[in-house]
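J.: For reference, the structure I am asking about is given below.
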Amino acid sequence: MILVGELSDLPPGESVRVQGEVPIAVFNVDGELYAIDDTCTHQDASLSDGWLEGCAVECPLHATCFDLRTGRPSGPPAKKPVRTHAVSVDGGLIYVHESAPVGTTPAIAEEVG
């Protein structure tokens, strides 16, 4: 489990990068938290620097969008999905539960309630 920080420090529409086994991007989409591997699968770009569009983030280099729920890219140039990670909030603190290694079934982020 990785401590991200206080929920109040991640307002809706914002993201933060944390270090796990690999860098992980955590997004607040209208009060729901999602976490994905931070590095685009097409090229070495930080997805936490991308643009949120609904429940997707657009890579800052080549405009592929990744679905924050599944990690799947919207289309080329990226072809491989990024891992997703479960997120929880306890006592006002955000935690990421890092998924199994790449190549396994991704975890779906839990809703914040």
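Following the order of the structure tokens, first chain is A, next is B, and so on, with residues numbered from 1 inside each chain and ligands from 1 in the order they appear.
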Any chance you could list, as a PyMOL selection string, the residues in stretch 23-111 of chain A that come up strand (DSSP E or B) when DSSP is run on the backbone?

T.: chain A and resi 23-29+32-37+39+46+51-53+56-58+65-67+73+84-90+93-97

J.: For N, CA, C and O atoms, I'd like the residues from the last selection saved as a CSV table (one decimal), in the first residue's frame.

T.:
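Okay, again_14.csv is ready:
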```
chain,number,residue,atom,x,y,z
A,23,PRO,N,6.6,4.4,-11.4
A,23,PRO,CA,5.8,5.6,-11.1
A,23,PRO,C,4.3,5.3,-11.4
A,23,PRO,O,3.9,4.7,-12.3
A,24,ILE,N,3.4,5.9,-10.5
A,24,ILE,CA,2.0,5.7,-10.6
A,24,ILE,C,1.3,7.1,-10.6
A,24,ILE,O,1.7,8.0,-9.8
A,25,ALA,N,0.3,7.3,-11.5
A,25,ALA,CA,-0.4,8.6,-11.5
A,25,ALA,C,-1.8,8.4,-10.8
A,25,ALA,O,-2.4,7.4,-11.1
A,26,VAL,N,-2.1,9.3,-9.9
A,26,VAL,CA,-3.4,9.2,-9.2
A,26,VAL,C,-4.2,10.4,-9.7
A,26,VAL,O,-3.7,11.5,-9.6
A,27,PHE,N,-5.4,10.2,-10.1
A,27,PHE,CA,-6.3,11.2,-10.6
A,27,PHE,C,-7.6,11.3,-9.8
A,27,PHE,O,-8.1,10.3,-9.4
A,28,ASN,N,-8.1,12.6,-9.6
A,28,ASN,CA,-9.4,12.8,-9.0
A,28,ASN,C,-10.3,13.3,-10.1
A,28,ASN,O,-10.2,14.4,-10.7
A,29,VAL,N,-11.3,12.4,-10.4
A,29,VAL,CA,-12.2,12.7,-11.5
A,29,VAL,C,-13.6,13.0,-10.8
A,29,VAL,O,-14.3,12.0,-10.4
A,32,GLU,N,-14.1,10.9,-7.7
A,32,GLU,CA,-13.7,9.5,-7.8
A,32,GLU,C,-12.2,9.4,-8.1
A,32,GLU,O,-11.7,10.1,-9.0
A,33,LEU,N,-11.5,8.5,-7.4
A,33,LEU,CA,-10.0,8.4,-7.5
A,33,LEU,C,-9.7,7.2,-8.4
A,33,LEU,O,-10.2,6.1,-8.2
A,34,TYR,N,-8.7,7.4,-9.3
A,34,TYR,CA,-8.2,6.4,-10.1
A,34,TYR,C,-6.7,6.4,-10.1
A,34,TYR,O,-6.1,7.5,-10.0
A,35,ALA,N,-6.1,5.3,-10.3
A,35,ALA,CA,-4.6,5.2,-10.3
A,35,ALA,C,-4.2,4.3,-11.5
A,35,ALA,O,-4.8,3.2,-11.7
A,36,ILE,N,-3.2,4.7,-12.3
A,36,ILE,CA,-2.7,4.0,-13.4
A,36,ILE,C,-1.2,4.1,-13.4
A,36,ILE,O,-0.6,5.1,-12.8
A,37,ASP,N,-0.5,3.2,-14.1
A,37,ASP,CA,1.0,3.4,-14.2
A,37,ASP,C,1.1,4.8,-15.0
A,37,ASP,O,0.4,5.1,-15.9
A,39,THR,N,3.6,6.0,-16.8
A,39,THR,CA,4.3,6.1,-18.1
A,39,THR,C,3.5,5.5,-19.3
A,39,THR,O,3.1,4.4,-19.2
A,46,SER,N,5.0,11.1,-19.1
A,46,SER,CA,4.3,11.1,-17.8
A,46,SER,C,2.9,11.4,-18.0
A,46,SER,O,2.5,12.5,-18.4
A,51,TRP,N,-3.8,15.5,-19.9
A,51,TRP,CA,-5.0,16.3,-19.7
A,51,TRP,C,-6.2,15.3,-19.5
A,51,TRP,O,-6.4,14.4,-20.2
A,52,LEU,N,-7.0,15.6,-18.4
A,52,LEU,CA,-8.1,14.8,-18.1
A,52,LEU,C,-9.3,15.2,-19.1
A,52,LEU,O,-9.6,16.3,-19.3
A,53,GLU,N,-9.9,14.1,-19.6
A,53,GLU,CA,-11.1,14.3,-20.4
A,53,GLU,C,-12.1,13.3,-20.0
A,53,GLU,O,-12.0,12.1,-20.4
A,56,ALA,N,-10.7,9.7,-18.7
A,56,ALA,CA,-9.6,9.4,-19.5
A,56,ALA,C,-8.5,10.4,-19.4
A,56,ALA,O,-8.8,11.6,-19.1
A,57,VAL,N,-7.3,10.0,-19.6
A,57,VAL,CA,-6.2,11.0,-19.6
A,57,VAL,C,-5.5,11.0,-21.0
A,57,VAL,O,-5.3,9.9,-21.5
A,58,GLU,N,-5.3,12.1,-21.5
A,58,GLU,CA,-4.6,12.2,-22.8
A,58,GLU,C,-3.1,12.4,-22.6
A,58,GLU,O,-2.6,13.2,-21.8
A,65,CYS,N,-5.4,8.6,-25.6
A,65,CYS,CA,-6.1,8.7,-24.3
A,65,CYS,C,-6.1,7.3,-23.7
A,65,CYS,O,-6.3,6.3,-24.4
A,66,PHE,N,-5.9,7.3,-22.4
A,66,PHE,CA,-6.0,6.0,-21.6
A,66,PHE,C,-7.2,6.1,-20.7
A,66,PHE,O,-7.4,7.1,-20.0
A,67,ASP,N,-8.0,5.1,-20.8
A,67,ASP,CA,-9.2,5.0,-19.9
A,67,ASP,C,-8.7,4.7,-18.5
A,67,ASP,O,-8.0,3.8,-18.2
A,73,PRO,N,-5.8,2.0,-24.1
A,73,PRO,CA,-5.6,3.2,-24.9
A,73,PRO,C,-6.8,3.3,-25.9
A,73,PRO,O,-7.4,2.3,-26.3
A,84,THR,N,-3.8,-0.6,-14.1
A,84,THR,CA,-4.6,0.2,-13.2
A,84,THR,C,-4.4,-0.3,-11.7
A,84,THR,O,-3.9,-1.5,-11.6
A,85,HIS,N,-4.7,0.5,-10.8
A,85,HIS,CA,-4.4,0.2,-9.4
A,85,HIS,C,-5.6,0.6,-8.5
A,85,HIS,O,-6.3,1.6,-8.8
A,86,ALA,N,-6.0,-0.2,-7.5
A,86,ALA,CA,-7.1,0.2,-6.6
A,86,ALA,C,-6.6,1.3,-5.8
A,86,ALA,O,-5.5,1.5,-5.4
A,87,VAL,N,-7.6,2.2,-5.4
A,87,VAL,CA,-7.4,3.3,-4.6
A,87,VAL,C,-8.4,3.3,-3.4
A,87,VAL,O,-9.6,2.9,-3.6
A,88,SER,N,-7.9,3.6,-2.3
A,88,SER,CA,-8.8,3.7,-1.1
A,88,SER,C,-8.5,5.0,-0.3
A,88,SER,O,-7.5,5.6,-0.5
A,89,VAL,N,-9.5,5.4,0.5
A,89,VAL,CA,-9.4,6.6,1.3
A,89,VAL,C,-9.7,6.1,2.7
A,89,VAL,O,-10.7,5.5,3.0
A,90,ASP,N,-8.8,6.4,3.7
A,90,ASP,CA,-9.0,6.0,5.1
A,90,ASP,C,-8.6,7.2,5.9
A,90,ASP,O,-7.4,7.6,5.9
A,93,LEU,N,-6.9,10.1,4.2
A,93,LEU,CA,-5.7,9.8,3.5
A,93,LEU,C,-5.9,8.9,2.3
A,93,LEU,O,-6.7,8.0,2.4
A,94,ILE,N,-5.3,9.2,1.2
A,94,ILE,CA,-5.4,8.4,-0.1
A,94,ILE,C,-4.3,7.4,-0.1
A,94,ILE,O,-3.1,7.7,0.2
A,95,TYR,N,-4.7,6.1,-0.4
A,95,TYR,CA,-3.8,5.0,-0.6
A,95,TYR,C,-3.9,4.3,-1.9
A,95,TYR,O,-5.1,4.2,-2.4
A,96,VAL,N,-2.8,4.0,-2.5
A,96,VAL,CA,-2.9,3.2,-3.8
A,96,VAL,C,-2.4,1.7,-3.4
A,96,VAL,O,-1.5,1.5,-2.7
A,97,HIS,N,-3.2,0.8,-3.9
A,97,HIS,CA,-2.9,-0.6,-3.7
A,97,HIS,C,-2.3,-1.1,-5.0
A,97,HIS,O,-3.1,-1.4,-6.0
```

J.: When you draw a straight line from atom CA of A:Ser15 to atom CA of A:Ser48, how long is it in Å?

T.: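 For atom CA of A:Ser15 relative to atom CA of A:Ser48, the distance reads 5.8 Å.
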
J.: According to DSSP computed on the backbone, where in chain A is there helix (DSSP H, G or I)? Give the residues as a list of chain:residue names.

T.: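 Selection result, helix (DSSP H, G or I) within chain A: A:Leu7, A:Ser8, A:Asp9, A:Leu47, A:Ser48, A:Asp49.
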
J.: If you keep all heavy atoms, can you produce a file of those selected residues as a compact mmCIF listing (two decimals), in the first residue's frame?

T.:
```txt
# COMPACT_ATOMS: atom_id res chain seq x y z
N LEU A 7 -6.59 13.63 1.02
CA LEU A 7 -7.61 13.81 -0.01
C LEU A 7 -7.81 15.28 -0.34
O LEU A 7 -7.98 15.65 -1.49
CB LEU A 7 -8.93 13.16 0.46
CG LEU A 7 -10.11 13.23 -0.50
CD1 LEU A 7 -9.78 12.57 -1.84
CD2 LEU A 7 -11.32 12.59 0.13
N SER A 8 -7.74 16.13 0.67
CA SER A 8 -7.93 17.57 0.45
C SER A 8 -6.84 18.19 -0.42
O SER A 8 -7.02 19.28 -0.97
CB SER A 8 -8.01 18.30 1.79
OG SER A 8 -6.81 18.12 2.53
N ASP A 9 -5.71 17.51 -0.57
CA ASP A 9 -4.61 18.01 -1.40
C ASP A 9 -4.72 17.59 -2.86
O ASP A 9 -3.85 17.96 -3.67
CB ASP A 9 -3.26 17.55 -0.84
CG ASP A 9 -2.92 18.21 0.48
OD1 ASP A 9 -3.46 19.30 0.76
OD2 ASP A 9 -2.11 17.63 1.24
N LEU A 47 1.99 10.40 -17.76
CA LEU A 47 0.56 10.60 -17.94
C LEU A 47 -0.01 11.56 -16.90
O LEU A 47 -1.03 12.21 -17.15
CB LEU A 47 -0.17 9.26 -17.91
CG LEU A 47 0.19 8.33 -19.08
CD1 LEU A 47 -0.46 6.97 -18.90
CD2 LEU A 47 -0.18 8.95 -20.42
N SER A 48 0.64 11.70 -15.75
CA SER A 48 0.17 12.67 -14.76
C SER A 48 0.33 14.10 -15.27
O SER A 48 -0.29 15.02 -14.74
CB SER A 48 0.88 12.49 -13.42
OG SER A 48 2.27 12.70 -13.55
N ASP A 49 1.11 14.29 -16.33
CA ASP A 49 1.26 15.60 -16.98
C ASP A 49 0.26 15.78 -18.11
O ASP A 49 0.24 16.82 -18.77
CB ASP A 49 2.67 15.77 -17.55
CG ASP A 49 3.72 15.91 -16.47
OD1 ASP A 49 3.37 16.33 -15.34
OD2 ASP A 49 4.89 15.60 -16.74
```

J.: Atom CA of A:Val18 to atom CA of A:His62: how many Å, to one decimal?

T.: 22.7 Å

J.: For a quick check of understanding, using only C-alpha atoms, which of A:Ile2, A:Cys55, A:Ala45, A:Ala63 has the smallest distance to A:Glu21?

T.: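 Ranked by minimum distance to A:Glu21, first place goes to A:Ile2.
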
J.: Could you work out how far atom CA of A:Leu68 lies from atom CA of A:Gly92, giving the answer in Å with one decimal?

T.: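 Interatomic distance here is 21.8 Å.
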
J.: Using only C-alpha atoms, which residue out of A:Leu61, A:Leu3, A:Val22, A:Ala78 lies closest to A:Ala100?

T.: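 The answer is A:Val22, which sits nearest to A:Ala100.
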
J.: For A:Met1, which of A:Gly13, A:Lys79, A:Asp38, A:Gly20 is the closest residue, counting only C-alpha atoms?

T.: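 Selected residue with least distance to A:Met1: A:Gly20.
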
J.: Name the closest residue to A:Arg83 among the candidates A:Val4, A:Leu10, A:Val16, A:Cys40; distances are taken between atoms, counting only C-alpha atoms.

T.: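 For A:Arg83, the nearest of the given residues is A:Cys40.
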
J.: For A:Gln43, which residue among A:Gly71, A:Pro12, A:Pro77, A:Gly31 is the nearest when counting only C-alpha atoms?

T.: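 Selected residue with least distance to A:Gln43: A:Pro77.
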